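Participant: One structure, pasted below without further comment.
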Amino acid sequence: MADEITFWDYSRSQALSRYNGASIGVREIPELCAVRAETEGVDPQLPSADEMAGIHPLALKRPRRWEAAIAAMIYASSGQTALREEIIKGRELLDRLSRHDRGALTVPRMLALVPAVIAGFRFSRQGEMFNPEANRYQEGARFLSVLLEERPALDVEIGLCAHRAGVTDPVLPEHVSPTGAQRMVAFVAALLDNSRAERRTVGVSQQTATDRAAGTVNSLVFLHYAHGGRLEQFLRILDQHADDLRAVLARHNAVSATRFRFTPLEPFSEVVERDMDAAFGPDWTGAPTDPRWRRGGTLDAAVEEAKGKMARFMRDAPLDVDLLLRLHKDSETPSERGVSALHWFDRHQRQPLGVRARYDVAFHHRLALTTLEKGGVGIGMERGWDAYQWLAWSAAYGSAGAAMPLLYARSSTEPPHHVSLRSFNLRQFW
């Protein structure tokens with residue numbers, strides 16, 4: 001890897017996906033750009049092979065040539081023509097690395113990692129605390145530092161949502177977007193295949209068709225299916241989503257040195273429930289016995305943030321679970337798992353706002369603790385990214401000011417356009 005880059009195409013068009021997993025030299029990057037440009041009808045300004053190979057990895061000499069090389073690699077991998085104001089963010093990330101980490105950056109390794117980090121993650125100096133639209137540079141530097149560390153193994157956990165944003169059309173798509181899933185996996189592989197870890201594994205977690213699905217999707221989505229007598233259809237869609245993701249990961253594993261695995265969310269949820277029992281007692285309403293949850297602490301602040309976020313999802317009208325049970329039993333596809341899901345939903349809806357907030361904070365805190373214990377990195381690919389999640393992670397790493405190896409991928413609602421990274425989106429692909 002010291003002299004070559006493992007290439008992955010995470011662009012919208014997937015024009016270069018036939019090269020996925022291939023080892024390429026720095027001089028081959030302009031050739032890949034030319035192939036993409038011809039395929040997509042774009043005419044980017046490209047550096048020559050000699051200019052690419054002659055850069056200094058830290059931009060200490062000929063910085064404009066360094067910028068051109070970064071832009072070329074971003075274009076080759078993402079299909080986006082990055083603006084200079086976006087490209088120079090890479091300089092700030094490099095400046096925040098330790099001398100030891102900067103010394104590990106050969107030209108190929110720098111071109112494999114820094115352009116991918118810039119393309120896939122948005123960074124901002126605005127505020128050294130939580131920013132829902134961007135990552136902090138200190139997180140980016142710590143994330144890069146983990147990738148640059150020589151180590152026997154590196155683990156990544158990625159959680160995915162099963163619900164759609166918005167309330168006008170509370171329907172789950174029948175399938176996961178194969179292109180969207182492939183792009184996500186290719187992007188993660190571009191980071192990990194070019195890291196210095198000997199063995200890399202990625203767990204992609206999602207809620208499957210169990211009782212708990214009733215409590216993890218948006219309540220409007222669940223009730224849409226329940227009132228229509230279509231709960232079994234809802235559960236079958238979740239089964240299909242799991243099958244779709246497994247298929248994408250299996251195809252990817254055939255060509256990647258990084259192992260991806262699909263992980264049902266159920267076992268992790270059970271661990272979180274045990275955490276809740278230990279901290280708050282069996283009904284989760286008691287005063288905290290764990291000092292980490294004490295009043296005024298980071299986790300307590302996260303709970304207060306979560307309450308504000310979740311209050312708008314609380315139902316005012318009482319739930320007529322008997323009616324929903326009758327609708328399900330009289331439907332064309334009644335099932336025991338549908339009955340179980342309805343009972344779970346009823347119990348979940350009866351929980352006070354404070355309990356729900358505690359659980360969601362405990363969920364993200366446990367995810368952070370798991371990442372910390374393994375010395376891994378976190379990559380956010382789910383739709384939402386809120387202050388309470390960030391605080392839950394911060395509590396695991398010491399405080400809200402501590403740098404965490406956690407970055408959330410780009411998310412955008414702008415119409416797709418190849419100029420700039422503003423419209424580039426990798427997060428939540430269905």
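Residues in the structure tokens are numbered from 1 in each chain, the chains being A, B, ... in the order shown, and ligands are numbered from 1 in the order shown.
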Mind checking which residues fall within 9 Å of Gln14 of chain A, counting only C-alpha atoms, ignoring those fewer than 4 positions away in the same chain, and posting them as a list in words?
Facilitator: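 After dropping sequence-adjacent residues, the list is Asp9, Tyr10, Arg18, Ser78, Gly79, Thr179 and Arg183 of chain A.
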Participant: Next, the residues of the selection above should be written as a JSON list (two decimals), in the first residue's frame with N, CA and C atoms.
Facilitator:
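Output below, filename result.json:
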[["chain", "number", "residue", "atom", "x", "y", "z"],
["A", 9, "ASP", "N", -14.92, 3.71, -6.30],
["A", 9, "ASP", "CA", -15.79, 4.72, -6.90],
["A", 9, "ASP", "C", -17.04, 4.86, -6.05],
["A", 10, "TYR", "N", -17.22, 6.03, -5.41],
["A", 10, "TYR", "CA", -18.43, 6.27, -4.62],
["A", 10, "TYR", "C", -19.24, 7.43, -5.22],
["A", 18, "ARG", "N", -16.07, -0.33, -12.22],
["A", 18, "ARG", "CA", -15.39, -1.53, -12.69],
["A", 18, "ARG", "C", -13.95, -1.61, -12.17],
["A", 78, "SER", "N", -15.32, 10.53, -6.56],
["A", 78, "SER", "CA", -16.68, 10.99, -6.24],
["A", 78, "SER", "C", -17.44, 11.56, -7.42],
["A", 79, "GLY", "N", -16.72, 11.91, -8.49],
["A", 79, "GLY", "CA", -17.38, 12.54, -9.62],
["A", 79, "GLY", "C", -17.68, 14.00, -9.41],
["A", 179, "THR", "N", -27.69, 1.16, -5.62],
["A", 179, "THR", "CA", -26.62, 2.10, -5.92],
["A", 179, "THR", "C", -26.22, 2.88, -4.69],
["A", 183, "ARG", "N", -22.56, 2.75, -2.96],
["A", 183, "ARG", "CA", -21.74, 3.96, -2.80],
["A", 183, "ARG", "C", -21.27, 4.09, -1.34]]
Participant: Please identify all polymer residues within 9 Å of Pro178 of chain A, counting only C-alpha atoms, omitting same-chain residues fewer than 2 positions from it, and present them as a list in words.
Facilitator: His175, Val176, Gly180, Ala181, Gln182, Arg183, Asp244, Leu245, Val248 and Phe429 of chain A
Participant: Find the spatial neighbours of segment 292-295 of chain A, counting only C-alpha atoms, within a cut-off of 12 Å - ignore same-chain residues fewer than 6 positions away - and output them as a ChimeraX atom specification.
Facilitator: /A:275-276,278-280,286,301-304,358,361-362,365,392,394-396,398-399
Participant: Identify all residues of segment 147-245 of chain A in strand (DSSP E or B) (DSSP on the backbone) and supply them as an NGL selection string.
Facilitator: :A and (151-159 or 197-206)
Participant: Produce a table with one row for each residue of segment 193-217 of chain A that has an atom at most 12 Å from any atom of segment 371-378 of chain A, each row naming the nearest atom pair and its distance in Å at one decimal; use only C-alpha atoms; arrange rows by chain and rising residue number; format as JSON lines.
Facilitator:
{"residue": "A:Ser195", "atom": "CA", "partner": "A:Val377", "partner_atom": "CA", "distance": 11.8}
{"residue": "A:Ala197", "atom": "CA", "partner": "A:Gly376", "partner_atom": "CA", "distance": 10.7}
{"residue": "A:Arg199", "atom": "CA", "partner": "A:Gly376", "partner_atom": "CA", "distance": 11.9}
{"residue": "A:Arg200", "atom": "CA", "partner": "A:Gly376", "partner_atom": "CA", "distance": 9.9}
{"residue": "A:Thr201", "atom": "CA", "partner": "A:Gly376", "partner_atom": "CA", "distance": 9.9}
{"residue": "A:Val202", "atom": "CA", "partner": "A:Val377", "partner_atom": "CA", "distance": 10.0}
{"residue": "A:Gly203", "atom": "CA", "partner": "A:Gly378", "partner_atom": "CA", "distance": 10.7}
{"residue": "A:Val204", "atom": "CA", "partner": "A:Gly378", "partner_atom": "CA", "distance": 11.3}
Participant: Go ahead and write the selection's residues with N, CA, C and O atoms as a tab-separated table (two decimals), in the first residue's frame.
Facilitator:
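The file below, result.tsv, is the result:
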chain	number	residue	atom	x	y	z
A	195	SER	N	-6.10	2.34	4.96
A	195	SER	CA	-5.56	2.57	6.30
A	195	SER	C	-4.34	1.66	6.50
A	195	SER	O	-4.04	0.81	5.66
A	197	ALA	N	-4.09	-0.43	9.07
A	197	ALA	CA	-4.49	-1.60	9.86
A	197	ALA	C	-4.37	-2.86	9.01
A	197	ALA	O	-4.72	-2.87	7.83
A	199	ARG	N	-6.02	-5.77	9.51
A	199	ARG	CA	-7.34	-6.40	9.31
A	199	ARG	C	-8.42	-5.38	9.62
A	199	ARG	O	-8.39	-4.73	10.66
A	200	ARG	N	-9.37	-5.23	8.71
A	200	ARG	CA	-10.44	-4.24	8.88
A	200	ARG	C	-11.79	-4.92	8.79
A	200	ARG	O	-12.03	-5.70	7.86
A	201	THR	N	-12.67	-4.61	9.72
A	201	THR	CA	-14.02	-5.16	9.70
A	201	THR	C	-15.02	-4.03	9.93
A	201	THR	O	-14.78	-3.12	10.72
A	202	VAL	N	-16.15	-4.12	9.23
A	202	VAL	CA	-17.20	-3.11	9.34
A	202	VAL	C	-18.51	-3.83	9.64
A	202	VAL	O	-18.95	-4.70	8.87
A	203	GLY	N	-19.14	-3.48	10.75
A	203	GLY	CA	-20.45	-4.01	11.08
A	203	GLY	C	-21.52	-3.00	10.66
A	203	GLY	O	-21.50	-1.86	11.11
A	204	VAL	N	-22.41	-3.41	9.78
A	204	VAL	CA	-23.52	-2.55	9.34
A	204	VAL	C	-24.77	-3.04	10.05
A	204	VAL	O	-25.27	-4.14	9.77
Participant: Interatomic distance between atom CA of Thr6 of chain A and atom CA of Ala112 of chain A?
Facilitator: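 A separation of 7.4 Å between them.
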Participant: Which of these residues is nearest to Tyr19 of chain A, using only C-alpha atoms: A:Val42, A:Val146, A:Ala209, A:Ala76?
Facilitator: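 Closest to Tyr19 of chain A, using only C-alpha atoms: A:Ala76.
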Participant: Could you find all residues in segment 33-270 of chain A that DSSP calls helix (DSSP H, G or I) from the backbone, and write them as an MDAnalysis selection string?
Facilitator: chainID A and resid 33:40 49:53 63:78 84:87 89:95 99:103 107:120 137:148 178:192 213:216 219:227 231:253 266:270
Participant: Please build the interface table for segment 13-83 of chain A against segment 188-194 of chain A with a cut-off of 10 Å, listing for each qualifying residue the nearest atom pair and the distance in Å to one decimal; count only C-alpha atoms, order rows by chain and increasing number, and write it as a tab-separated table.
Facilitator:
residue	atom	partner	partner_atom	distance
A:Asn20	CA	A:Ala190	CA	9.3
A:Gly21	CA	A:Asp193	CA	8.6
A:Ser77	CA	A:Ala190	CA	8.9
Participant: Nearest to Ser13 of chain A: which of A:Gly103, A:Pro416, A:Gly401, A:Pro291 is it, counting only C-alpha atoms?
Facilitator: A:Pro416
Participant: Neighbours of segment 331-344 of chain A within 8 Å (only C-alpha atoms; same-chain residues fewer than 6 positions away dropped), as a list of chain:residue names?
Facilitator: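 The residues satisfying every condition are A:Thr210, A:Asp211, A:Arg212, A:Ala213, A:Ala214, A:Gly215, A:Gly229, A:Arg230, A:Leu231, A:Glu232, A:Leu235, A:Val321, A:Leu324, A:Leu325.
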Participant: Could the residues in this selection be written to a file with N, CA, C and O atoms, as a PDB file, in the first residue's frame?
Facilitator:
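Now in out.pdb:
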ATOM      1  N   THR A 210     -38.381  -7.708  13.999  1.00  0.00           N
ATOM      2  CA  THR A 210     -38.687  -8.274  15.310  1.00  0.00           C
ATOM      3  C   THR A 210     -39.644  -7.331  16.046  1.00  0.00           C
ATOM      4  O   THR A 210     -40.017  -6.275  15.533  1.00  0.00           O
ATOM      5  N   ASP A 211     -40.015  -7.716  17.277  1.00  0.00           N
ATOM      6  CA  ASP A 211     -40.890  -6.861  18.090  1.00  0.00           C
ATOM      7  C   ASP A 211     -40.367  -5.426  18.162  1.00  0.00           C
ATOM      8  O   ASP A 211     -41.133  -4.465  18.070  1.00  0.00           O
ATOM      9  N   ARG A 212     -39.062  -5.285  18.355  1.00  0.00           N
ATOM     10  CA  ARG A 212     -38.489  -3.965  18.580  1.00  0.00           C
ATOM     11  C   ARG A 212     -38.613  -3.039  17.383  1.00  0.00           C
ATOM     12  O   ARG A 212     -38.447  -1.819  17.513  1.00  0.00           O
ATOM     13  N   ALA A 213     -38.886  -3.582  16.203  1.00  0.00           N
ATOM     14  CA  ALA A 213     -39.085  -2.724  15.033  1.00  0.00           C
ATOM     15  C   ALA A 213     -40.206  -1.730  15.282  1.00  0.00           C
ATOM     16  O   ALA A 213     -40.199  -0.612  14.743  1.00  0.00           O
ATOM     17  N   ALA A 214     -41.175  -2.114  16.125  1.00  0.00           N
ATOM     18  CA  ALA A 214     -42.305  -1.227  16.431  1.00  0.00           C
ATOM     19  C   ALA A 214     -41.853   0.013  17.184  1.00  0.00           C
ATOM     20  O   ALA A 214     -42.543   1.036  17.163  1.00  0.00           O
ATOM     21  N   GLY A 215     -40.726  -0.055  17.856  1.00  0.00           N
ATOM     22  CA  GLY A 215     -40.246   1.070  18.637  1.00  0.00           C
ATOM     23  C   GLY A 215     -39.104   1.828  18.002  1.00  0.00           C
ATOM     24  O   GLY A 215     -38.710   2.876  18.509  1.00  0.00           O
ATOM     25  N   GLY A 229     -54.167  -2.481   8.399  1.00  0.00           N
ATOM     26  CA  GLY A 229     -54.150  -3.938   8.476  1.00  0.00           C
ATOM     27  C   GLY A 229     -53.020  -4.551   7.675  1.00  0.00           C
ATOM     28  O   GLY A 229     -53.160  -5.657   7.135  1.00  0.00           O
ATOM     29  N   ARG A 230     -51.882  -3.844   7.617  1.00  0.00           N
ATOM     30  CA  ARG A 230     -50.765  -4.297   6.766  1.00  0.00           C
ATOM     31  C   ARG A 230     -49.470  -4.446   7.570  1.00  0.00           C
ATOM     32  O   ARG A 230     -48.379  -4.193   7.064  1.00  0.00           O
ATOM     33  N   LEU A 231     -49.584  -4.869   8.810  1.00  0.00           N
ATOM     34  CA  LEU A 231     -48.385  -5.001   9.636  1.00  0.00           C
ATOM     35  C   LEU A 231     -47.431  -6.061   9.107  1.00  0.00           C
ATOM     36  O   LEU A 231     -46.210  -5.904   9.186  1.00  0.00           O
ATOM     37  N   GLU A 232     -47.988  -7.143   8.607  1.00  0.00           N
ATOM     38  CA  GLU A 232     -47.106  -8.185   8.066  1.00  0.00           C
ATOM     39  C   GLU A 232     -46.342  -7.662   6.854  1.00  0.00           C
ATOM     40  O   GLU A 232     -45.169  -8.007   6.655  1.00  0.00           O
ATOM     41  N   LEU A 235     -43.410  -5.721   8.199  1.00  0.00           N
ATOM     42  CA  LEU A 235     -42.336  -6.597   8.673  1.00  0.00           C
ATOM     43  C   LEU A 235     -41.614  -7.263   7.510  1.00  0.00           C
ATOM     44  O   LEU A 235     -40.394  -7.454   7.550  1.00  0.00           O
ATOM     45  N   VAL A 321     -55.154  -0.049  21.134  1.00  0.00           N
ATOM     46  CA  VAL A 321     -54.415  -1.233  20.701  1.00  0.00           C
ATOM     47  C   VAL A 321     -55.359  -2.388  20.379  1.00  0.00           C
ATOM     48  O   VAL A 321     -55.058  -3.212  19.506  1.00  0.00           O
ATOM     49  N   LEU A 324     -56.341  -2.043  16.798  1.00  0.00           N
ATOM     50  CA  LEU A 324     -55.230  -2.411  15.912  1.00  0.00           C
ATOM     51  C   LEU A 324     -55.023  -3.918  15.885  1.00  0.00           C
ATOM     52  O   LEU A 324     -54.705  -4.494  14.832  1.00  0.00           O
ATOM     53  N   LEU A 325     -55.205  -4.581  17.015  1.00  0.00           N
ATOM     54  CA  LEU A 325     -55.086  -6.043  17.052  1.00  0.00           C
ATOM     55  C   LEU A 325     -56.171  -6.690  16.203  1.00  0.00           C
ATOM     56  O   LEU A 325     -55.914  -7.663  15.479  1.00  0.00           O
TER      57      LEU A 325
END
Participant: Just checking: using only C-alpha atoms, which residue out of A:Asp322, A:Glu92, A:Asp277, A:Glu31 ends up closest to His227 of chain A?
Facilitator: A:Asp322
Participant: Can you work out the spacing between atom CA of Gln389 of chain A and atom CA of His364 of chain A in Å, to one decimal?
Facilitator: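 Taking atom CA of Gln389 of chain A and atom CA of His364 of chain A, their separation equals 6.0 Å.
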Participant: Using only C-alpha atoms, which of the listed residues (A:Glu382, A:Glu133, A:Glu40, A:Glu86) sits closest to Met184 of chain A?
Facilitator: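 Smallest distance to Met184 of chain A is found for A:Glu382.
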Participant: Fewer than 4 positions away in the same chain doesn't count, so skip those; otherwise give me all residues within 12 Å of segment 64-67 of chain A, counting only C-alpha atoms, as a VMD selection string.
Facilitator: chain A and resid 45 to 60 71 to 74 82 to 91 107 110 to 111 114 to 115
Participant: Could you write those residues out with N, CA, C and O atoms, as a CSV table (one decimal), in the first residue's frame?
Facilitator:
chain,number,residue,atom,x,y,z
A,45,GLN,N,-10.3,20.5,-15.3
A,45,GLN,CA,-8.9,20.8,-15.5
A,45,GLN,C,-8.1,19.8,-14.7
A,45,GLN,O,-8.2,19.7,-13.5
A,46,LEU,N,-7.2,19.0,-15.4
A,46,LEU,CA,-6.6,17.9,-14.7
A,46,LEU,C,-5.1,18.1,-14.7
A,46,LEU,O,-4.5,18.5,-15.7
A,47,PRO,N,-4.4,17.7,-13.6
A,47,PRO,CA,-2.9,17.8,-13.6
A,47,PRO,C,-2.4,16.6,-14.4
A,47,PRO,O,-3.0,15.6,-14.6
A,48,SER,N,-1.1,16.7,-14.8
A,48,SER,CA,-0.5,15.6,-15.5
A,48,SER,C,0.0,14.6,-14.5
A,48,SER,O,0.0,14.8,-13.3
A,49,ALA,N,0.4,13.4,-15.1
A,49,ALA,CA,0.9,12.3,-14.2
A,49,ALA,C,2.1,12.8,-13.4
A,49,ALA,O,2.3,12.5,-12.2
A,50,ASP,N,3.0,13.5,-14.1
A,50,ASP,CA,4.2,14.0,-13.4
A,50,ASP,C,3.9,15.0,-12.3
A,50,ASP,O,4.5,15.0,-11.3
A,51,GLU,N,2.9,15.9,-12.6
A,51,GLU,CA,2.5,16.8,-11.6
A,51,GLU,C,1.9,16.1,-10.3
A,51,GLU,O,2.1,16.5,-9.2
A,52,MET,N,1.1,15.1,-10.6
A,52,MET,CA,0.6,14.3,-9.5
A,52,MET,C,1.7,13.7,-8.6
A,52,MET,O,1.6,13.7,-7.4
A,53,ALA,N,2.6,13.0,-9.3
A,53,ALA,CA,3.6,12.3,-8.6
A,53,ALA,C,4.6,13.2,-7.9
A,53,ALA,O,5.3,12.8,-6.9
A,54,GLY,N,4.7,14.5,-8.3
A,54,GLY,CA,5.8,15.3,-7.8
A,54,GLY,C,5.3,16.2,-6.6
A,54,GLY,O,6.1,17.1,-6.2
A,55,ILE,N,4.1,16.0,-6.1
A,55,ILE,CA,3.7,16.8,-5.0
A,55,ILE,C,4.4,16.4,-3.7
A,55,ILE,O,4.9,15.3,-3.5
A,56,HIS,N,4.3,17.4,-2.7
A,56,HIS,CA,4.7,17.1,-1.4
A,56,HIS,C,3.5,16.6,-0.6
A,56,HIS,O,2.5,17.3,-0.7
A,57,PRO,N,3.6,15.5,0.1
A,57,PRO,CA,2.3,15.0,0.8
A,57,PRO,C,1.7,16.0,1.8
A,57,PRO,O,0.5,16.0,2.0
A,58,LEU,N,2.5,16.9,2.3
A,58,LEU,CA,2.0,17.9,3.3
A,58,LEU,C,1.8,19.3,2.7
A,58,LEU,O,1.6,20.3,3.4
A,59,ALA,N,2.0,19.4,1.4
A,59,ALA,CA,1.8,20.7,0.6
A,59,ALA,C,2.9,21.7,1.1
A,59,ALA,O,2.6,22.9,1.0
A,60,LEU,N,4.0,21.2,1.5
A,60,LEU,CA,5.1,22.2,1.9
A,60,LEU,C,5.8,22.8,0.7
A,60,LEU,O,6.5,23.8,0.9
A,71,ALA,N,-7.8,17.7,-5.9
A,71,ALA,CA,-9.0,17.9,-6.7
A,71,ALA,C,-9.2,16.7,-7.7
A,71,ALA,O,-10.3,16.2,-7.9
A,72,ALA,N,-8.1,16.3,-8.3
A,72,ALA,CA,-8.2,15.2,-9.2
A,72,ALA,C,-8.6,13.9,-8.5
A,72,ALA,O,-9.4,13.1,-9.1
A,73,MET,N,-8.1,13.6,-7.4
A,73,MET,CA,-8.5,12.4,-6.7
A,73,MET,C,-9.9,12.4,-6.2
A,73,MET,O,-10.7,11.4,-6.3
A,74,ILE,N,-10.4,13.6,-5.8
A,74,ILE,CA,-11.8,13.8,-5.4
A,74,ILE,C,-12.7,13.5,-6.6
A,74,ILE,O,-13.7,12.8,-6.5
A,82,ALA,N,-14.5,19.7,-6.9
A,82,ALA,CA,-14.5,20.4,-5.7
A,82,ALA,C,-14.0,21.8,-5.9
A,82,ALA,O,-13.1,22.1,-6.7
A,83,LEU,N,-14.5,22.8,-5.1
A,83,LEU,CA,-14.1,24.1,-5.1
A,83,LEU,C,-12.8,24.3,-4.2
A,83,LEU,O,-12.6,23.5,-3.4
A,84,ARG,N,-12.0,25.3,-4.5
A,84,ARG,CA,-10.8,25.5,-3.8
A,84,ARG,C,-11.0,25.6,-2.3
A,84,ARG,O,-10.3,25.1,-1.5
A,85,GLU,N,-12.1,26.3,-1.9
A,85,GLU,CA,-12.4,26.5,-0.5
A,85,GLU,C,-12.7,25.2,0.2
A,85,GLU,O,-12.6,25.0,1.4
A,86,GLU,N,-13.2,24.2,-0.6
A,86,GLU,CA,-13.4,22.8,-0.1
A,86,GLU,C,-12.1,22.0,0.0
A,86,GLU,O,-11.8,21.3,1.0
A,87,ILE,N,-11.3,22.2,-1.0
A,87,ILE,CA,-10.0,21.5,-1.1
A,87,ILE,C,-9.1,21.8,0.0
A,87,ILE,O,-8.4,21.0,0.7
A,88,ILE,N,-8.9,23.1,0.3
A,88,ILE,CA,-8.0,23.6,1.3
A,88,ILE,C,-8.3,23.2,2.8
A,88,ILE,O,-7.5,23.3,3.7
A,89,LYS,N,-9.5,22.6,2.9
A,89,LYS,CA,-9.9,22.1,4.3
A,89,LYS,C,-8.9,20.9,4.6
A,89,LYS,O,-8.7,20.6,5.8
A,90,GLY,N,-8.4,20.2,3.6
A,90,GLY,CA,-7.4,19.2,3.8
A,90,GLY,C,-6.2,19.7,4.4
A,90,GLY,O,-5.5,19.0,5.2
A,91,ARG,N,-5.8,20.9,4.1
A,91,ARG,CA,-4.6,21.5,4.8
A,91,ARG,C,-4.8,21.6,6.3
A,91,ARG,O,-3.9,21.4,7.0
A,107,VAL,N,2.9,10.1,-0.4
A,107,VAL,CA,2.0,10.7,-1.4
A,107,VAL,C,0.9,9.8,-1.7
A,107,VAL,O,-0.3,10.3,-1.7
A,110,MET,N,-1.5,9.7,1.3
A,110,MET,CA,-2.2,11.0,1.5
A,110,MET,C,-3.3,11.1,0.5
A,110,MET,O,-4.5,11.5,0.8
A,111,LEU,N,-3.0,10.8,-0.8
A,111,LEU,CA,-4.0,10.9,-1.9
A,111,LEU,C,-5.1,9.9,-1.7
A,111,LEU,O,-6.2,10.1,-2.3
A,114,VAL,N,-6.9,11.7,2.4
A,114,VAL,CA,-7.3,13.1,2.6
A,114,VAL,C,-8.4,13.5,1.6
A,114,VAL,O,-9.4,14.0,2.0
A,115,PRO,N,-8.3,13.2,0.3
A,115,PRO,CA,-9.4,13.5,-0.6
A,115,PRO,C,-10.7,12.8,-0.2
A,115,PRO,O,-11.8,13.4,-0.3
